[in-house]
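Below is query-v5.pdb, holding PDB, C-alpha atoms.
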```
ATOM      1  CA  MET A   1     -23.295  49.372 -40.920
ATOM      2  CA  LYS A   2     -26.886  50.511 -40.461
ATOM      3  CA  GLY A   3     -28.754  50.272 -37.201
ATOM      4  CA  SER A   4     -32.049  48.446 -36.705
ATOM      5  CA  LEU A   5     -35.549  49.757 -36.113
ATOM      6  CA  TYR A   6     -37.284  47.886 -33.274
ATOM      7  CA  LEU A   7     -41.088  47.909 -33.191
ATOM      8  CA  ILE A   8     -41.908  47.853 -29.486
ATOM      9  CA  PRO A   9     -45.384  46.919 -28.275
ATOM     10  CA  ASN A  10     -47.083  48.922 -25.576
ATOM     11  CA  THR A  11     -49.805  47.908 -23.160
ATOM     12  CA  LEU A  12     -53.434  48.482 -24.130
ATOM     13  CA  GLY A  13     -54.211  50.438 -20.996
ATOM     14  CA  GLY A  14     -52.820  50.868 -17.516
ATOM     15  CA  ASP A  15     -51.574  47.286 -17.445
ATOM     16  CA  ASN A  16     -48.275  46.390 -15.870
ATOM     17  CA  PRO A  17     -45.924  45.756 -18.838
ATOM     18  CA  GLY A  18     -44.454  42.752 -17.011
ATOM     19  CA  GLU A  19     -47.847  41.025 -17.193
ATOM     20  CA  VAL A  20     -48.399  41.397 -20.947
ATOM     21  CA  ILE A  21     -45.055  42.073 -22.636
ATOM     22  CA  PRO A  22     -42.356  39.381 -22.772
ATOM     23  CA  GLU A  23     -39.199  40.033 -20.739
ATOM     24  CA  GLY A  24     -37.033  39.781 -23.861
ATOM     25  CA  VAL A  25     -38.948  42.678 -25.411
ATOM     26  CA  VAL A  26     -38.572  44.790 -22.271
ATOM     27  CA  GLY A  27     -34.880  43.861 -22.158
ATOM     28  CA  LYS A  28     -34.347  45.123 -25.712
ATOM     29  CA  LEU A  29     -36.249  48.341 -24.917
ATOM     30  CA  ARG A  30     -33.867  48.986 -22.008
ATOM     31  CA  GLU A  31     -30.878  48.878 -24.397
ATOM     32  CA  LEU A  32     -32.157  51.636 -26.703
ATOM     33  CA  ASP A  33     -31.473  55.375 -26.435
ATOM     34  CA  HIS A  34     -33.675  56.711 -29.260
ATOM     35  CA  PHE A  35     -37.425  56.306 -29.670
ATOM     36  CA  ILE A  36     -40.037  57.394 -32.190
ATOM     37  CA  VAL A  37     -43.244  57.935 -30.208
ATOM     38  CA  GLU A  38     -46.739  59.389 -30.541
ATOM     39  CA  ASN A  39     -46.640  61.165 -27.190
ATOM     40  CA  GLU A  40     -43.425  61.805 -25.264
ATOM     41  CA  ARG A  41     -45.071  62.001 -21.856
ATOM     42  CA  ASN A  42     -46.817  58.646 -22.293
ATOM     43  CA  ALA A  43     -43.631  57.095 -23.694
ATOM     44  CA  ARG A  44     -41.667  58.269 -20.645
ATOM     45  CA  ARG A  45     -44.313  56.742 -18.366
ATOM     46  CA  PHE A  46     -44.088  53.473 -20.281
ATOM     47  CA  LEU A  47     -40.285  53.401 -19.999
ATOM     48  CA  ILE A  48     -40.529  53.983 -16.249
ATOM     49  CA  LYS A  49     -43.050  51.126 -15.915
ATOM     50  CA  CYS A  50     -40.599  48.924 -17.843
ATOM     51  CA  GLU A  51     -37.895  49.838 -15.297
ATOM     52  CA  TYR A  52     -35.775  51.621 -17.883
ATOM     53  CA  GLN A  53     -32.461  52.251 -16.117
ATOM     54  CA  LYS A  54     -30.909  55.068 -18.166
ATOM     55  CA  PRO A  55     -31.578  58.711 -17.251
ATOM     56  CA  LEU A  56     -34.645  59.803 -19.226
ATOM     57  CA  ASP A  57     -32.990  63.169 -19.870
ATOM     58  CA  SER A  58     -30.426  61.359 -22.040
ATOM     59  CA  VAL A  59     -33.093  59.656 -24.183
ATOM     60  CA  ARG A  60     -34.010  61.198 -27.551
ATOM     61  CA  PHE A  61     -37.696  61.160 -28.432
ATOM     62  CA  PHE A  62     -38.965  61.887 -31.935
ATOM     63  CA  LEU A  63     -42.671  62.758 -32.056
ATOM     64  CA  LEU A  64     -44.749  61.020 -34.703
ATOM     65  CA  ASN A  65     -48.413  61.828 -35.202
ATOM     66  CA  LYS A  66     -50.740  63.058 -37.924
ATOM     67  CA  HIS A  67     -49.225  66.564 -37.636
ATOM     68  CA  THR A  68     -45.607  65.460 -38.181
ATOM     69  CA  PRO A  69     -44.413  66.741 -41.594
ATOM     70  CA  ALA A  70     -43.224  64.112 -44.097
ATOM     71  CA  ALA A  71     -39.737  65.668 -44.296
ATOM     72  CA  GLU A  72     -39.367  65.415 -40.533
ATOM     73  CA  ARG A  73     -40.423  61.747 -40.594
ATOM     74  CA  ARG A  74     -37.599  60.994 -43.048
ATOM     75  CA  GLU A  75     -35.131  62.657 -40.667
ATOM     76  CA  TYR A  76     -36.227  60.396 -37.807
ATOM     77  CA  ILE A  77     -34.697  57.291 -39.326
ATOM     78  CA  LYS A  78     -31.424  59.051 -40.133
ATOM     79  CA  LEU A  79     -29.910  57.731 -36.901
ATOM     80  CA  CYS A  80     -30.522  54.179 -38.141
ATOM     81  CA  THR A  81     -28.796  54.924 -41.439
ATOM     82  CA  GLU A  82     -25.843  56.197 -39.368
ATOM     83  CA  GLY A  83     -25.606  52.896 -37.461
ATOM     84  CA  GLN A  84     -27.689  53.485 -34.340
ATOM     85  CA  ASP A  85     -30.626  51.354 -33.227
ATOM     86  CA  MET A  86     -34.008  52.992 -32.586
ATOM     87  CA  GLY A  87     -37.331  51.920 -31.161
ATOM     88  CA  VAL A  88     -40.856  52.794 -32.243
ATOM     89  CA  ILE A  89     -43.365  52.823 -29.387
ATOM     90  CA  SER A  90     -47.075  53.025 -30.151
ATOM     91  CA  GLU A  91     -49.530  54.674 -27.773
ATOM     92  CA  ALA A  92     -51.136  51.263 -27.281
ATOM     93  CA  GLY A  93     -50.654  47.910 -28.900
ATOM     94  CA  LEU A  94     -48.393  47.277 -31.856
ATOM     95  CA  PRO A  95     -46.554  49.958 -33.819
ATOM     96  CA  GLY A  96     -47.559  50.053 -37.461
ATOM     97  CA  VAL A  97     -50.941  48.336 -37.019
ATOM     98  CA  ALA A  98     -53.600  51.047 -37.464
ATOM     99  CA  ASP A  99     -50.852  53.347 -36.196
ATOM    100  CA  PRO A 100     -48.703  56.187 -37.587
ATOM    101  CA  GLY A 101     -45.636  53.983 -37.123
ATOM    102  CA  ALA A 102     -46.513  52.254 -40.406
ATOM    103  CA  GLU A 103     -45.068  55.149 -42.403
ATOM    104  CA  ILE A 104     -41.783  55.031 -40.474
ATOM    105  CA  VAL A 105     -41.569  51.297 -41.158
ATOM    106  CA  SER A 106     -42.134  51.938 -44.863
ATOM    107  CA  LEU A 107     -39.428  54.628 -44.908
ATOM    108  CA  ALA A 108     -37.054  52.272 -43.100
ATOM    109  CA  HIS A 109     -37.698  49.526 -45.670
ATOM    110  CA  HIS A 110     -36.912  51.942 -48.494
ATOM    111  CA  SER A 111     -33.694  52.972 -46.726
ATOM    112  CA  GLY A 112     -32.493  49.389 -46.296
ATOM    113  CA  ILE A 113     -32.869  49.464 -42.523
ATOM    114  CA  ARG A 114     -33.507  46.181 -40.745
ATOM    115  CA  ILE A 115     -36.915  46.173 -39.053
ATOM    116  CA  ILE A 116     -37.357  43.954 -36.020
ATOM    117  CA  PRO A 117     -40.970  43.540 -34.856
ATOM    118  CA  LEU A 118     -41.286  42.509 -31.222
ATOM    119  CA  ALA A 119     -44.290  40.604 -29.898
ATOM    120  CA  GLY A 120     -46.891  42.098 -27.598
ATOM    121  CA  PRO A 121     -50.565  42.974 -27.171
ATOM    122  CA  SER A 122     -52.760  43.870 -30.124
ATOM    123  CA  SER A 123     -56.382  44.884 -29.616
ATOM    124  CA  ILE A 124     -57.207  43.701 -33.144
ATOM    125  CA  PHE A 125     -55.832  40.223 -32.612
ATOM    126  CA  LEU A 126     -57.165  39.938 -29.064
ATOM    127  CA  ALA A 127     -60.662  40.738 -30.424
ATOM    128  CA  LEU A 128     -60.222  38.198 -33.235
ATOM    129  CA  MET A 129     -59.000  35.510 -30.829
ATOM    130  CA  SER A 130     -61.969  35.982 -28.509
ATOM    131  CA  SER A 131     -64.602  36.360 -31.262
ATOM    132  CA  GLY A 132     -64.881  32.746 -32.344
ATOM    133  CA  MET A 133     -64.549  33.904 -35.961
ATOM    134  CA  ASN A 134     -62.376  32.094 -38.479
ATOM    135  CA  GLY A 135     -59.061  33.954 -38.532
ATOM    136  CA  GLN A 136     -58.385  32.719 -42.075
ATOM    137  CA  GLU A 137     -61.213  34.897 -43.365
ATOM    138  CA  PHE A 138     -60.515  37.934 -41.213
ATOM    139  CA  CYS A 139     -60.010  41.340 -42.832
ATOM    140  CA  PHE A 140     -59.336  44.540 -40.895
ATOM    141  CA  HIS A 141     -60.872  47.637 -42.486
ATOM    142  CA  GLY A 142     -59.989  50.019 -39.659
ATOM    143  CA  TYR A 143     -61.422  51.080 -36.349
ATOM    144  CA  LEU A 144     -64.884  52.568 -36.020
ATOM    145  CA  PRO A 145     -64.801  56.381 -36.269
ATOM    146  CA  VAL A 146     -64.528  58.313 -33.024
ATOM    147  CA  LYS A 147     -66.714  61.219 -34.197
ATOM    148  CA  PRO A 148     -70.446  60.342 -34.226
ATOM    149  CA  HIS A 149     -71.162  61.967 -37.613
ATOM    150  CA  ASP A 150     -68.441  59.829 -39.268
TER
END
```

Can the structure from this file be put into structure tokens for me?
Amino acid sequence: MKGSLYLIPNTLGGDNPGEVIPEGVVGKLRELDHFIVENERNARRFLIKCEYQKPLDSVRFFLLNKHTPAAERREYIKLCTEGQDMGVISEAGLPGVADPGAEIVSLAHHSGIRIIPLAGPSSIFLALMSSGMNGQEFCFHGYLPVKPHD
């Protein structure tokens, strides 16, 4: 039996997770022992804010960013194929939405792993909600470039 891959939302800033992330999502996060994250230090901070009860030294973190080799990314979901559940935690917002987690989700789909997206904050959807624009005609082409010359 394969494990599941949980897509865990993160806050969009220094917010208290209890104010923006549903308790059921935080409860599921507290059950997991393995996480795919963009930054281990920030992920540890997030777990502490979510009152994660297990010793953080026992948690396995797998780093996922633009420098992570493709072969290593495939290895990350191996635990799921062996029957263990894992979580993907984005730096902010939703994993897989303008986020490196999208590739892990794609790999999980191809490996027959159940993907369970959990609800939480999304800067894209918060902007759309507050814009007054028609969401039926909305199309996301990506964030504005960070570097001025881009």

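Minimum distance to Ser106 (chain A) across A:Lys28, A:Arg73, A:Asp150, A:Asn39 (counting only C-alpha atoms) occurs at A:Arg73.
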
For Cys80 (chain A), find every residue with an atom within 9 Å (counting all atoms listed in the file), except residues of its own chain fewer than 3 positions away, and show them as number ranges by chain. A: 2-5, 76-77, 83-86, 108, 113-114

Can you write just those residues out, C-alpha atoms, as an mmCIF file, in the coordinates of the input?
```cif
data_model
loop_
_atom_site.group_PDB
_atom_site.id
_atom_site.type_symbol
_atom_site.label_atom_id
_atom_site.label_comp_id
_atom_site.auth_asym_id
_atom_site.auth_seq_id
_atom_site.Cartn_x
_atom_site.Cartn_y
_atom_site.Cartn_z
ATOM 1 C CA LYS A 2 -26.886 50.511 -40.461
ATOM 2 C CA GLY A 3 -28.754 50.272 -37.201
ATOM 3 C CA SER A 4 -32.049 48.446 -36.705
ATOM 4 C CA LEU A 5 -35.549 49.757 -36.113
ATOM 5 C CA TYR A 76 -36.227 60.396 -37.807
ATOM 6 C CA ILE A 77 -34.697 57.291 -39.326
ATOM 7 C CA GLY A 83 -25.606 52.896 -37.461
ATOM 8 C CA GLN A 84 -27.689 53.485 -34.340
ATOM 9 C CA ASP A 85 -30.626 51.354 -33.227
ATOM 10 C CA MET A 86 -34.008 52.992 -32.586
ATOM 11 C CA ALA A 108 -37.054 52.272 -43.100
ATOM 12 C CA ILE A 113 -32.869 49.464 -42.523
ATOM 13 C CA ARG A 114 -33.507 46.181 -40.745
#
```

Give me the result of the PyMOL selection byres ((chain A and resi 20) around 10) on this file, residue by residue, as a PyMOL selection string. chain A and resi 9-12+15-19+21-23+119-121

Once you count only C-alpha atoms, which residues end up no further than 12 Å from (-42.0, 52.2, -14.5) in the file's frame, shown as a VMD selection string? chain A and resid 14 to 18 26 30 42 to 53 56

Taking the file as I've supplied it (selection: the PyMOL selection byres ((chain A and resi 124-136) around 12)), which residues are included? Please answer as a VMD selection string. chain A and resid 12 92 to 94 97 to 99 119 to 123 137 to 143

Could you turn the residues from that selection into a file that holds C-alpha atoms, as an mmCIF file, in the frame of the given file?
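Here's the written file again.cif:
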```cif
data_model
loop_
_atom_site.group_PDB
_atom_site.id
_atom_site.type_symbol
_atom_site.label_atom_id
_atom_site.label_comp_id
_atom_site.auth_asym_id
_atom_site.auth_seq_id
_atom_site.Cartn_x
_atom_site.Cartn_y
_atom_site.Cartn_z
ATOM 1 C CA LEU A 12 -53.434 48.482 -24.130
ATOM 2 C CA ALA A 92 -51.136 51.263 -27.281
ATOM 3 C CA GLY A 93 -50.654 47.910 -28.900
ATOM 4 C CA LEU A 94 -48.393 47.277 -31.856
ATOM 5 C CA VAL A 97 -50.941 48.336 -37.019
ATOM 6 C CA ALA A 98 -53.600 51.047 -37.464
ATOM 7 C CA ASP A 99 -50.852 53.347 -36.196
ATOM 8 C CA ALA A 119 -44.290 40.604 -29.898
ATOM 9 C CA GLY A 120 -46.891 42.098 -27.598
ATOM 10 C CA PRO A 121 -50.565 42.974 -27.171
ATOM 11 C CA SER A 122 -52.760 43.870 -30.124
ATOM 12 C CA SER A 123 -56.382 44.884 -29.616
ATOM 13 C CA GLU A 137 -61.213 34.897 -43.365
ATOM 14 C CA PHE A 138 -60.515 37.934 -41.213
ATOM 15 C CA CYS A 139 -60.010 41.340 -42.832
ATOM 16 C CA PHE A 140 -59.336 44.540 -40.895
ATOM 17 C CA HIS A 141 -60.872 47.637 -42.486
ATOM 18 C CA GLY A 142 -59.989 50.019 -39.659
ATOM 19 C CA TYR A 143 -61.422 51.080 -36.349
#
```

Report as a list in words all protein, DNA and RNA residues lying within 6 Å of Ile36 (chain A), evaluated on all atoms listed in the file, omitting residues in the same chain fewer than 4 positions from it. Phe61, Phe62, Leu63 and Val88 of chain A

Write out, as a PDB file, in the frame of the given file, the residues just selected, with C-alpha atoms.
```pdb
ATOM      1  CA  PHE A  61     -37.696  61.160 -28.432  1.00  0.00           C
ATOM      2  CA  PHE A  62     -38.965  61.887 -31.935  1.00  0.00           C
ATOM      3  CA  LEU A  63     -42.671  62.758 -32.056  1.00  0.00           C
ATOM      4  CA  VAL A  88     -40.856  52.794 -32.243  1.00  0.00           C
TER       5      VAL A  88
END
```

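Picture a line from CA of Val146 (chain A) to CA of Pro117 (chain A); it runs 27.9 Å.
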
Take the PyMOL selection byres ((chain A and resi 33) around 8), apply it to the structure above, and return the hits as a count of residues only. 9

Enter the distance from CA of Ala102 (chain A) to CA of Glu38 (chain A), in Å, rounded to one decimal. 12.2 Å

Suppose you want the space between CA of Lys66 (chain A) and CA of Ile116 (chain A); what is it in Å? 23.4 Å

Residue with the minimum atom-to-atom distance to Ala70 (chain A), picked from A:Leu29, A:His109, A:Ile104, A:Leu118 with only C-alpha atoms counted, is A:Ile104

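Distance annotation: of A:Ile8, A:Val105, A:Met1, A:Ile115, the residue with the minimal separation from Arg74 (chain A) is A:Val105; atom set is all atoms listed in the file.
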
Of the residues A:Lys147, A:Lys54, A:Arg41, A:His110, which is the one nearest to Ile89 (chain A), using all atoms listed in the file? A:Arg41

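Among the candidates A:Glu40, A:Leu107, A:Gly24, A:Glu91, the residue lying nearest to Glu75 (chain A) is A:Leu107 (atoms considered: all atoms listed in the file).
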
What would the file be for region 49-65 of chain A if you keep N, CA, C and O atoms and write it as a JSON list (two decimals), in the first residue's frame?
```json
[["chain", "number", "residue", "atom", "x", "y", "z"],
["A", 49, "LYS", "N", 5.46, 26.85, 15.12],
["A", 49, "LYS", "CA", 4.29, 27.72, 15.22],
["A", 49, "LYS", "C", 2.99, 26.92, 15.19],
["A", 49, "LYS", "O", 1.98, 27.34, 15.76],
["A", 50, "CYS", "N", 3.02, 25.77, 14.52],
["A", 50, "CYS", "CA", 1.83, 24.90, 14.45],
["A", 50, "CYS", "C", 1.75, 23.95, 15.63],
["A", 50, "CYS", "O", 0.91, 23.05, 15.65],
["A", 51, "GLU", "N", 2.63, 24.15, 16.62],
["A", 51, "GLU", "CA", 2.68, 23.34, 17.83],
["A", 51, "GLU", "C", 2.88, 21.86, 17.53],
["A", 51, "GLU", "O", 2.24, 20.97, 18.09],
["A", 52, "TYR", "N", 3.79, 21.60, 16.61],
["A", 52, "TYR", "CA", 4.19, 20.24, 16.26],
["A", 52, "TYR", "C", 4.79, 19.60, 17.50],
["A", 52, "TYR", "O", 5.69, 20.16, 18.12],
["A", 53, "GLN", "N", 4.30, 18.44, 17.89],
["A", 53, "GLN", "CA", 4.67, 17.84, 19.17],
["A", 53, "GLN", "C", 5.86, 16.88, 19.12],
["A", 53, "GLN", "O", 6.47, 16.61, 20.15],
["A", 54, "LYS", "N", 6.18, 16.35, 17.94],
["A", 54, "LYS", "CA", 7.27, 15.38, 17.85],
["A", 54, "LYS", "C", 8.61, 16.11, 17.90],
["A", 54, "LYS", "O", 8.71, 17.26, 17.49],
["A", 55, "PRO", "N", 9.67, 15.42, 18.36],
["A", 55, "PRO", "CA", 10.99, 16.06, 18.37],
["A", 55, "PRO", "C", 11.43, 16.38, 16.93],
["A", 55, "PRO", "O", 11.39, 15.51, 16.07],
["A", 56, "LEU", "N", 11.82, 17.60, 16.68],
["A", 56, "LEU", "CA", 12.20, 18.01, 15.33],
["A", 56, "LEU", "C", 13.44, 17.27, 14.83],
["A", 56, "LEU", "O", 13.64, 17.14, 13.62],
["A", 57, "ASP", "N", 14.24, 16.74, 15.75],
["A", 57, "ASP", "CA", 15.41, 15.97, 15.33],
["A", 57, "ASP", "C", 15.00, 14.65, 14.68],
["A", 57, "ASP", "O", 15.78, 14.05, 13.95],
["A", 58, "SER", "N", 13.79, 14.19, 14.95],
["A", 58, "SER", "CA", 13.33, 12.92, 14.37],
["A", 58, "SER", "C", 12.63, 13.11, 13.02],
["A", 58, "SER", "O", 12.32, 12.14, 12.34],
["A", 59, "VAL", "N", 12.40, 14.36, 12.64],
["A", 59, "VAL", "CA", 11.71, 14.67, 11.38],
["A", 59, "VAL", "C", 12.72, 14.64, 10.23],
["A", 59, "VAL", "O", 13.84, 15.13, 10.36],
["A", 60, "ARG", "N", 12.30, 14.06, 9.09],
["A", 60, "ARG", "CA", 13.15, 14.07, 7.90],
["A", 60, "ARG", "C", 12.68, 15.17, 6.96],
["A", 60, "ARG", "O", 11.50, 15.22, 6.61],
["A", 61, "PHE", "N", 13.61, 16.04, 6.58],
["A", 61, "PHE", "CA", 13.33, 17.11, 5.64],
["A", 61, "PHE", "C", 14.08, 16.84, 4.34],
["A", 61, "PHE", "O", 15.25, 16.48, 4.36],
["A", 62, "PHE", "N", 13.39, 17.01, 3.24],
["A", 62, "PHE", "CA", 13.97, 16.85, 1.91],
["A", 62, "PHE", "C", 13.90, 18.21, 1.24],
["A", 62, "PHE", "O", 12.80, 18.74, 1.05],
["A", 63, "LEU", "N", 15.05, 18.78, 0.89],
["A", 63, "LEU", "CA", 15.09, 20.13, 0.33],
["A", 63, "LEU", "C", 14.74, 20.14, -1.14],
["A", 63, "LEU", "O", 15.29, 19.36, -1.93],
["A", 64, "LEU", "N", 13.82, 21.02, -1.50],
["A", 64, "LEU", "CA", 13.38, 21.15, -2.89],
["A", 64, "LEU", "C", 13.44, 22.61, -3.30],
["A", 64, "LEU", "O", 12.73, 23.46, -2.75],
["A", 65, "ASN", "N", 14.33, 22.90, -4.24],
["A", 65, "ASN", "CA", 14.41, 24.25, -4.80],
["A", 65, "ASN", "C", 14.95, 24.14, -6.22],
["A", 65, "ASN", "O", 15.09, 23.03, -6.74]]
```
